[in-house]
file work.txt (compact mmCIF, N, CA and C atoms)
# COMPACT_ATOMS: atom_id res chain seq x y z
N MET A 1 23.00 39.50 118.85
CA MET A 1 22.40 40.39 117.88
C MET A 1 21.64 41.52 118.56
N LYS A 2 20.92 41.15 119.64
CA LYS A 2 20.14 42.15 120.36
C LYS A 2 21.07 43.19 120.99
N LYS A 3 22.21 42.74 121.52
CA LYS A 3 23.17 43.67 122.12
C LYS A 3 23.72 44.65 121.09
N ILE A 4 23.97 44.16 119.91
CA ILE A 4 24.51 45.01 118.86
C ILE A 4 23.48 46.06 118.45
N LEU A 5 22.23 45.66 118.30
CA LEU A 5 21.19 46.61 117.93
C LEU A 5 20.98 47.65 119.03
N VAL A 6 21.03 47.23 120.29
CA VAL A 6 20.90 48.18 121.39
C VAL A 6 22.09 49.13 121.39
N SER A 7 23.28 48.62 121.17
CA SER A 7 24.48 49.46 121.11
C SER A 7 24.39 50.46 119.97
N LEU A 8 23.96 50.01 118.81
CA LEU A 8 23.82 50.92 117.68
C LEU A 8 22.75 51.97 117.95
N GLY A 9 21.66 51.58 118.58
CA GLY A 9 20.61 52.54 118.93
C GLY A 9 21.11 53.59 119.89
N LEU A 10 21.88 53.17 120.90
CA LEU A 10 22.46 54.12 121.84
C LEU A 10 23.45 55.05 121.14
N ALA A 11 24.23 54.51 120.22
CA ALA A 11 25.18 55.34 119.50
C ALA A 11 24.46 56.40 118.67
N VAL A 12 23.36 56.03 118.05
CA VAL A 12 22.60 57.00 117.25
C VAL A 12 22.00 58.07 118.16
N MET A 13 21.50 57.68 119.34
CA MET A 13 20.94 58.68 120.26
C MET A 13 22.02 59.62 120.76
N ILE A 14 23.19 59.09 121.06
CA ILE A 14 24.30 59.94 121.50
C ILE A 14 24.69 60.90 120.38
N LEU A 15 24.75 60.38 119.18
CA LEU A 15 25.09 61.21 118.02
C LEU A 15 24.07 62.33 117.84
N ALA A 16 22.80 62.00 117.94
CA ALA A 16 21.76 63.01 117.76
C ALA A 16 21.86 64.07 118.84
N GLY A 17 22.15 63.67 120.06
CA GLY A 17 22.26 64.64 121.14
C GLY A 17 23.51 65.47 121.07
N ALA A 18 24.58 64.91 120.52
CA ALA A 18 25.85 65.63 120.48
C ALA A 18 26.01 66.50 119.25
N VAL A 19 25.51 66.05 118.13
CA VAL A 19 25.76 66.76 116.89
C VAL A 19 24.67 67.77 116.55
N LEU A 20 23.43 67.40 116.71
CA LEU A 20 22.35 68.28 116.28
C LEU A 20 22.33 69.63 116.99
N PRO A 21 22.60 69.71 118.31
CA PRO A 21 22.63 71.05 118.91
C PRO A 21 23.74 71.92 118.32
N GLY A 22 24.81 71.32 117.81
CA GLY A 22 25.91 72.08 117.23
C GLY A 22 25.52 72.81 115.95
N PHE A 23 24.50 72.33 115.24
CA PHE A 23 24.10 72.97 114.00
C PHE A 23 23.29 74.24 114.24
N SER A 24 22.75 74.41 115.44
CA SER A 24 21.93 75.60 115.70
C SER A 24 22.79 76.81 116.05
N GLY A 25 24.07 76.66 116.16
CA GLY A 25 24.94 77.77 116.51
C GLY A 25 25.17 77.85 118.00
N GLY A 26 24.47 77.02 118.78
CA GLY A 26 24.70 76.95 120.21
C GLY A 26 23.91 77.95 121.03
N GLU A 27 23.41 79.02 120.42
CA GLU A 27 22.70 80.02 121.18
C GLU A 27 21.35 80.29 120.52
N VAL A 28 20.33 80.42 121.35
CA VAL A 28 19.00 80.72 120.86
C VAL A 28 18.47 81.88 121.67
N TYR A 29 17.99 82.90 121.00
CA TYR A 29 17.44 84.07 121.66
C TYR A 29 15.97 84.20 121.30
N ALA A 30 15.15 84.49 122.32
CA ALA A 30 13.73 84.69 122.07
C ALA A 30 13.43 86.15 121.77
N ALA A 31 14.35 87.03 122.11
CA ALA A 31 14.15 88.46 121.89
C ALA A 31 15.50 89.07 121.52
N ASP A 32 15.50 90.37 121.31
CA ASP A 32 16.74 91.06 121.00
C ASP A 32 17.71 90.96 122.18
N SER A 33 18.97 91.14 121.92
CA SER A 33 19.98 91.06 122.96
C SER A 33 19.80 92.19 123.97
N ILE A 34 19.96 91.85 125.25
CA ILE A 34 19.86 92.84 126.31
C ILE A 34 20.99 93.86 126.21
N CYS A 35 22.10 93.48 125.61
CA CYS A 35 23.27 94.36 125.52
C CYS A 35 23.01 95.57 124.63
N ASP A 36 22.00 95.51 123.76
CA ASP A 36 21.70 96.62 122.86
C ASP A 36 20.65 97.58 123.41
N ASP A 37 20.18 97.37 124.64
CA ASP A 37 19.12 98.19 125.21
C ASP A 37 19.69 99.52 125.71
N GLU A 38 19.36 100.59 125.01
CA GLU A 38 19.87 101.93 125.36
C GLU A 38 19.29 102.43 126.69
N ASN A 39 18.07 102.02 127.03
CA ASN A 39 17.47 102.45 128.29
C ASN A 39 18.24 101.93 129.50
N LEU A 40 18.75 100.71 129.39
CA LEU A 40 19.53 100.16 130.50
C LEU A 40 20.88 100.86 130.64
N LYS A 41 21.45 101.30 129.53
CA LYS A 41 22.74 101.99 129.57
C LYS A 41 22.63 103.38 130.21
N ALA A 42 21.43 103.92 130.28
CA ALA A 42 21.23 105.28 130.78
C ALA A 42 21.23 105.36 132.31
N THR A 43 20.96 104.27 133.01
CA THR A 43 20.89 104.32 134.47
C THR A 43 22.02 103.49 135.08
N ALA A 44 22.35 103.82 136.32
CA ALA A 44 23.43 103.09 137.01
C ALA A 44 23.01 101.64 137.26
N ASP A 45 21.76 101.42 137.66
CA ASP A 45 21.28 100.06 137.88
C ASP A 45 21.28 99.26 136.58
N GLY A 46 20.91 99.93 135.50
CA GLY A 46 20.91 99.26 134.20
C GLY A 46 22.31 98.88 133.76
N ARG A 47 23.27 99.78 134.00
CA ARG A 47 24.67 99.46 133.65
C ARG A 47 25.19 98.30 134.48
N ALA A 48 24.79 98.26 135.77
CA ALA A 48 25.19 97.14 136.63
C ALA A 48 24.60 95.84 136.11
N LEU A 49 23.34 95.90 135.68
CA LEU A 49 22.70 94.71 135.11
C LEU A 49 23.40 94.25 133.84
N LEU A 50 23.75 95.21 132.98
CA LEU A 50 24.44 94.86 131.73
C LEU A 50 25.83 94.29 132.01
N LYS A 51 26.50 94.83 133.03
CA LYS A 51 27.81 94.30 133.38
C LYS A 51 27.69 92.88 133.91
N ALA A 52 26.66 92.64 134.75
CA ALA A 52 26.44 91.29 135.28
C ALA A 52 26.07 90.31 134.17
N ALA A 53 25.43 90.82 133.13
CA ALA A 53 25.05 89.96 132.00
C ALA A 53 26.22 89.70 131.06
N GLY A 54 27.35 90.36 131.32
CA GLY A 54 28.53 90.13 130.48
C GLY A 54 28.54 90.92 129.20
N CYS A 55 27.91 92.08 129.22
CA CYS A 55 27.81 92.87 127.99
C CYS A 55 29.06 93.72 127.72
N GLY A 56 29.97 93.82 128.63
CA GLY A 56 31.21 94.54 128.37
C GLY A 56 31.10 96.02 128.64
N ASP A 57 31.84 96.81 127.88
CA ASP A 57 31.94 98.24 128.11
C ASP A 57 30.98 99.05 127.24
N PHE A 58 29.87 98.46 126.86
CA PHE A 58 28.79 99.17 126.17
C PHE A 58 29.25 99.83 124.88
N GLY A 59 29.61 99.02 123.94
CA GLY A 59 29.92 99.54 122.62
C GLY A 59 31.41 99.65 122.34
N THR A 60 32.26 99.54 123.36
CA THR A 60 33.69 99.63 123.12
C THR A 60 34.31 98.26 122.92
N ASP A 61 33.49 97.22 122.98
CA ASP A 61 34.01 95.87 122.76
C ASP A 61 34.49 95.73 121.33
N LYS A 62 35.67 95.19 121.19
CA LYS A 62 36.19 94.91 119.86
C LYS A 62 36.04 93.43 119.60
N PRO A 63 35.60 93.07 118.42
CA PRO A 63 35.44 91.64 118.13
C PRO A 63 36.79 90.93 118.20
N THR A 64 36.75 89.75 118.77
CA THR A 64 37.97 88.96 118.88
C THR A 64 37.82 87.67 118.09
N ALA A 65 38.91 86.97 117.98
CA ALA A 65 38.90 85.72 117.24
C ALA A 65 38.42 84.56 118.11
N VAL A 66 38.26 84.79 119.42
CA VAL A 66 37.90 83.70 120.32
C VAL A 66 36.55 83.09 119.99
N PRO A 67 35.47 83.88 119.82
CA PRO A 67 34.19 83.23 119.49
C PRO A 67 34.22 82.48 118.17
N ILE A 68 34.93 83.03 117.20
CA ILE A 68 35.03 82.36 115.91
C ILE A 68 35.79 81.05 116.06
N ALA A 69 36.88 81.08 116.81
CA ALA A 69 37.67 79.86 117.02
C ALA A 69 36.86 78.81 117.78
N LEU A 70 36.10 79.24 118.78
CA LEU A 70 35.29 78.29 119.54
C LEU A 70 34.21 77.66 118.66
N ASN A 71 33.60 78.45 117.80
CA ASN A 71 32.60 77.88 116.88
C ASN A 71 33.24 76.88 115.92
N ILE A 72 34.41 77.21 115.40
CA ILE A 72 35.10 76.29 114.49
C ILE A 72 35.46 75.00 115.21
N ILE A 73 35.97 75.12 116.44
CA ILE A 73 36.34 73.94 117.22
C ILE A 73 35.11 73.08 117.49
N ASN A 74 33.98 73.70 117.84
CA ASN A 74 32.76 72.94 118.10
C ASN A 74 32.27 72.21 116.86
N VAL A 75 32.35 72.86 115.70
CA VAL A 75 31.93 72.19 114.47
C VAL A 75 32.86 71.03 114.14
N VAL A 76 34.16 71.24 114.28
CA VAL A 76 35.12 70.18 114.00
C VAL A 76 34.91 69.00 114.95
N LEU A 77 34.69 69.30 116.23
CA LEU A 77 34.45 68.21 117.20
C LEU A 77 33.14 67.49 116.91
N SER A 78 32.15 68.20 116.41
CA SER A 78 30.90 67.55 116.03
C SER A 78 31.14 66.57 114.88
N PHE A 79 31.93 66.99 113.90
CA PHE A 79 32.23 66.08 112.79
C PHE A 79 33.10 64.91 113.24
N VAL A 80 34.02 65.14 114.16
CA VAL A 80 34.84 64.03 114.68
C VAL A 80 33.95 63.03 115.40
N GLY A 81 33.00 63.53 116.19
CA GLY A 81 32.06 62.63 116.86
C GLY A 81 31.21 61.87 115.87
N LEU A 82 30.77 62.55 114.82
CA LEU A 82 29.98 61.90 113.78
C LEU A 82 30.78 60.79 113.10
N ILE A 83 32.02 61.07 112.78
CA ILE A 83 32.89 60.07 112.15
C ILE A 83 33.12 58.89 113.09
N ALA A 84 33.34 59.17 114.38
CA ALA A 84 33.57 58.10 115.36
C ALA A 84 32.34 57.20 115.47
N VAL A 85 31.16 57.79 115.50
CA VAL A 85 29.95 56.97 115.56
C VAL A 85 29.79 56.18 114.26
N GLY A 86 30.14 56.77 113.14
CA GLY A 86 30.11 56.04 111.88
C GLY A 86 31.05 54.84 111.88
N VAL A 87 32.22 55.02 112.48
CA VAL A 87 33.18 53.92 112.58
C VAL A 87 32.62 52.82 113.48
N ILE A 88 31.96 53.21 114.56
CA ILE A 88 31.35 52.22 115.45
C ILE A 88 30.26 51.44 114.71
N ILE A 89 29.44 52.14 113.97
CA ILE A 89 28.38 51.48 113.21
C ILE A 89 28.98 50.56 112.15
N TYR A 90 30.02 51.03 111.48
CA TYR A 90 30.70 50.20 110.48
C TYR A 90 31.27 48.94 111.13
N GLY A 91 31.88 49.10 112.30
CA GLY A 91 32.41 47.93 113.01
C GLY A 91 31.30 46.97 113.41
N GLY A 92 30.15 47.51 113.81
CA GLY A 92 29.02 46.64 114.14
C GLY A 92 28.53 45.87 112.94
N ILE A 93 28.49 46.53 111.80
CA ILE A 93 28.07 45.84 110.57
C ILE A 93 29.08 44.76 110.21
N LEU A 94 30.37 45.07 110.34
CA LEU A 94 31.40 44.06 110.08
C LEU A 94 31.25 42.87 111.02
N TYR A 95 30.93 43.15 112.27
CA TYR A 95 30.80 42.09 113.27
C TYR A 95 29.61 41.19 112.94
N VAL A 96 28.50 41.82 112.55
CA VAL A 96 27.30 41.05 112.24
C VAL A 96 27.51 40.20 110.99
N THR A 97 28.23 40.72 110.01
CA THR A 97 28.43 40.01 108.75
C THR A 97 29.70 39.15 108.72
N SER A 98 30.33 38.94 109.87
CA SER A 98 31.60 38.20 109.88
C SER A 98 31.42 36.71 109.67
N THR A 99 30.23 36.19 109.88
CA THR A 99 29.89 34.77 109.70
C THR A 99 30.88 33.83 110.39
N GLY A 100 31.37 34.22 111.55
CA GLY A 100 32.24 33.35 112.33
C GLY A 100 33.70 33.38 111.94
N ASP A 101 34.09 34.12 110.94
CA ASP A 101 35.49 34.22 110.53
C ASP A 101 36.25 35.03 111.58
N SER A 102 37.26 34.42 112.18
CA SER A 102 37.96 35.06 113.30
C SER A 102 38.71 36.32 112.87
N ALA A 103 39.21 36.36 111.66
CA ALA A 103 39.92 37.56 111.19
C ALA A 103 38.95 38.74 111.04
N LYS A 104 37.76 38.46 110.51
CA LYS A 104 36.76 39.52 110.36
C LYS A 104 36.25 39.99 111.73
N ILE A 105 36.08 39.05 112.65
CA ILE A 105 35.63 39.41 114.00
C ILE A 105 36.67 40.29 114.68
N HIS A 106 37.94 39.93 114.53
CA HIS A 106 39.02 40.73 115.12
C HIS A 106 39.04 42.13 114.51
N LYS A 107 38.90 42.21 113.20
CA LYS A 107 38.87 43.51 112.52
C LYS A 107 37.68 44.34 113.00
N ALA A 108 36.52 43.71 113.15
CA ALA A 108 35.32 44.42 113.59
C ALA A 108 35.48 44.92 115.02
N LYS A 109 36.03 44.09 115.90
CA LYS A 109 36.22 44.51 117.29
C LYS A 109 37.21 45.67 117.39
N ASN A 110 38.25 45.62 116.60
CA ASN A 110 39.21 46.74 116.59
C ASN A 110 38.55 48.01 116.07
N CYS A 111 37.73 47.86 115.04
CA CYS A 111 37.03 49.01 114.47
C CYS A 111 36.12 49.64 115.52
N ILE A 112 35.37 48.82 116.24
CA ILE A 112 34.48 49.33 117.29
C ILE A 112 35.30 49.97 118.40
N LEU A 113 36.39 49.34 118.79
CA LEU A 113 37.25 49.88 119.86
C LEU A 113 37.81 51.24 119.46
N TYR A 114 38.33 51.35 118.25
CA TYR A 114 38.89 52.63 117.81
C TYR A 114 37.82 53.70 117.68
N GLY A 115 36.62 53.30 117.26
CA GLY A 115 35.52 54.25 117.19
C GLY A 115 35.12 54.76 118.56
N VAL A 116 35.07 53.87 119.54
CA VAL A 116 34.72 54.28 120.91
C VAL A 116 35.81 55.19 121.48
N VAL A 117 37.07 54.85 121.24
CA VAL A 117 38.16 55.70 121.72
C VAL A 117 38.08 57.08 121.07
N GLY A 118 37.81 57.13 119.78
CA GLY A 118 37.68 58.41 119.09
C GLY A 118 36.51 59.22 119.62
N LEU A 119 35.40 58.55 119.91
CA LEU A 119 34.23 59.24 120.47
C LEU A 119 34.54 59.79 121.86
N VAL A 120 35.22 59.03 122.67
CA VAL A 120 35.59 59.49 124.02
C VAL A 120 36.54 60.68 123.92
N VAL A 121 37.49 60.61 123.02
CA VAL A 121 38.42 61.74 122.85
C VAL A 121 37.67 62.98 122.38
N ALA A 122 36.73 62.83 121.46
CA ALA A 122 35.96 63.97 120.98
C ALA A 122 35.11 64.57 122.10
N ILE A 123 34.49 63.72 122.91
CA ILE A 123 33.68 64.22 124.03
C ILE A 123 34.55 64.93 125.05
N MET A 124 35.71 64.37 125.36
CA MET A 124 36.61 65.02 126.32
C MET A 124 37.13 66.35 125.77
N ALA A 125 37.43 66.40 124.48
CA ALA A 125 37.89 67.65 123.88
C ALA A 125 36.78 68.70 123.94
N PHE A 126 35.55 68.28 123.67
CA PHE A 126 34.42 69.20 123.76
C PHE A 126 34.26 69.71 125.19
N ALA A 127 34.43 68.82 126.17
CA ALA A 127 34.32 69.23 127.58
C ALA A 127 35.43 70.22 127.95
N ILE A 128 36.62 70.00 127.46
CA ILE A 128 37.73 70.92 127.75
C ILE A 128 37.45 72.29 127.13
N VAL A 129 36.98 72.31 125.90
CA VAL A 129 36.66 73.59 125.25
C VAL A 129 35.54 74.30 125.99
N ALA A 130 34.51 73.56 126.42
CA ALA A 130 33.42 74.16 127.17
C ALA A 130 33.92 74.70 128.51
N PHE A 131 34.80 73.97 129.17
CA PHE A 131 35.36 74.43 130.44
C PHE A 131 36.17 75.71 130.25
N ILE A 132 37.00 75.73 129.23
CA ILE A 132 37.80 76.94 128.97
C ILE A 132 36.88 78.11 128.63
N ASN A 133 35.85 77.84 127.86
CA ASN A 133 34.94 78.91 127.46
C ASN A 133 34.20 79.50 128.67
N THR A 134 33.72 78.65 129.56
CA THR A 134 32.93 79.14 130.69
C THR A 134 33.77 79.59 131.86
N SER A 135 34.81 78.86 132.21
CA SER A 135 35.56 79.16 133.43
C SER A 135 36.71 80.15 133.19
N VAL A 136 37.48 79.90 132.20
CA VAL A 136 38.67 80.72 131.99
C VAL A 136 38.33 82.03 131.28
N LEU A 137 37.56 81.94 130.21
CA LEU A 137 37.23 83.13 129.44
C LEU A 137 36.01 83.87 129.97
N LYS A 138 35.33 83.30 130.96
CA LYS A 138 34.14 83.89 131.59
C LYS A 138 33.05 84.19 130.58
N LYS A 139 32.87 83.27 129.65
CA LYS A 139 31.80 83.41 128.65
C LYS A 139 30.79 82.31 128.90
N SER A 140 29.55 82.55 128.45
CA SER A 140 28.53 81.49 128.60
C SER A 140 28.12 80.98 127.26
call {"tool": "encode", "arguments": {"input": "work.txt", "output": "structure tokens"}}
result
Amino acid sequence: MKKILVSLGLAVMILAGAVLPGFSGGEVYAADSICDDENLKATADGRALLKAAGCGDFGTDKPTAVPIALNIINVVLSFVGLIAVGVIIYGGILYVTSTGDSAKIHKAKNCILYGVVGLVVAIMAFAIVAFINTSVLKKS
């Protein structure tokens, strides 16, 4: 019983860490964007700084579907992770309430196994998307 409660507690902590940051949009700014600073665009050093910050060609950037697609993928993966943790919790409840019935125990163990596999797949998919976003697309 203690192992199950510890497992459920860990699953809730993982869920909170994985899903809650996704609701904030992923980016937090304390001030206005540096890319909109006209004073930096006026000097060569400022343009070099803006280029290093990834601001692009100073106003000639055209919006692309990539940021929108990445946000959609992150939200979908957050929900997949949430569902996987829910399945794990459901399997734990089935296991606790099985009262020794071998069929219920087998069903509960399969439910937990499939939930863990789903959670691992969601985490790996999130890691692949993050890798593509940072390494291939050169975005942060």
call {"tool": "closest_residue", "arguments": {"input": "work.txt", "among": "A:Cys55, A:Phe131, A:His106, A:Pro67", "to": "Asp37 (chain A)", "atoms": "only C-alpha atoms"}}
result
A:Cys55
call {"tool": "closest_residue", "arguments": {"input": "work.txt", "among": "A:Gly118, A:Val85, A:Leu50, A:Ile68", "to": "Gly9 (chain A)", "atoms": "only C-alpha atoms"}}
result
A:Val85
call {"tool": "atom_distance", "arguments": {"input": "work.txt", "atom1": "atom C of Ile73 (chain A)", "atom2": "atom C of Thr134 (chain A)"}}
result
15.8 Å
call {"tool": "residues_near_point", "arguments": {"input": "work.txt", "point": "(29.8, 48.0, 116.9)", "cutoff": "6.5 Å", "atoms": "only N, CA and C atoms", "output": "PyMOL selection string"}}
result
chain A and resi 4+8+88-93+112
call {"tool": "atom_distance", "arguments": {"input": "work.txt", "atom1": "atom C of Ala52 (chain A)", "atom2": "CA of Ala69 (chain A)"}}
result
23.2 Å
call {"tool": "atom_distance", "arguments": {"input": "work.txt", "atom1": "CA of Thr97 (chain A)", "atom2": "CA of Tyr114 (chain A)"}}
result
18.7 Å
call {"tool": "select_by_dssp", "arguments": {"input": "work.txt", "residues": "region 57-128 of chain A", "states": "helix (DSSP H, G or I)", "output": "JSON, numbers by chain"}}
result
{"A": [66, 67, 68, 69, 70, 71, 72, 73, 74, 75, 76, 77, 78, 79, 80, 81, 82, 83, 84, 85, 86, 87, 88, 89, 90, 91, 92, 93, 94, 95, 96, 102, 103, 104, 105, 106, 107, 108, 109, 110, 111, 112, 113, 114, 115, 116, 117, 118, 119, 120, 121, 122, 123, 124, 125, 126, 127, 128]}
call {"tool": "closest_residue", "arguments": {"input": "work.txt", "among": "A:Val76, A:Arg47, A:Leu82, A:Leu5", "to": "Leu119 (chain A)", "atoms": "all atoms listed in the file"}}
result
A:Leu82
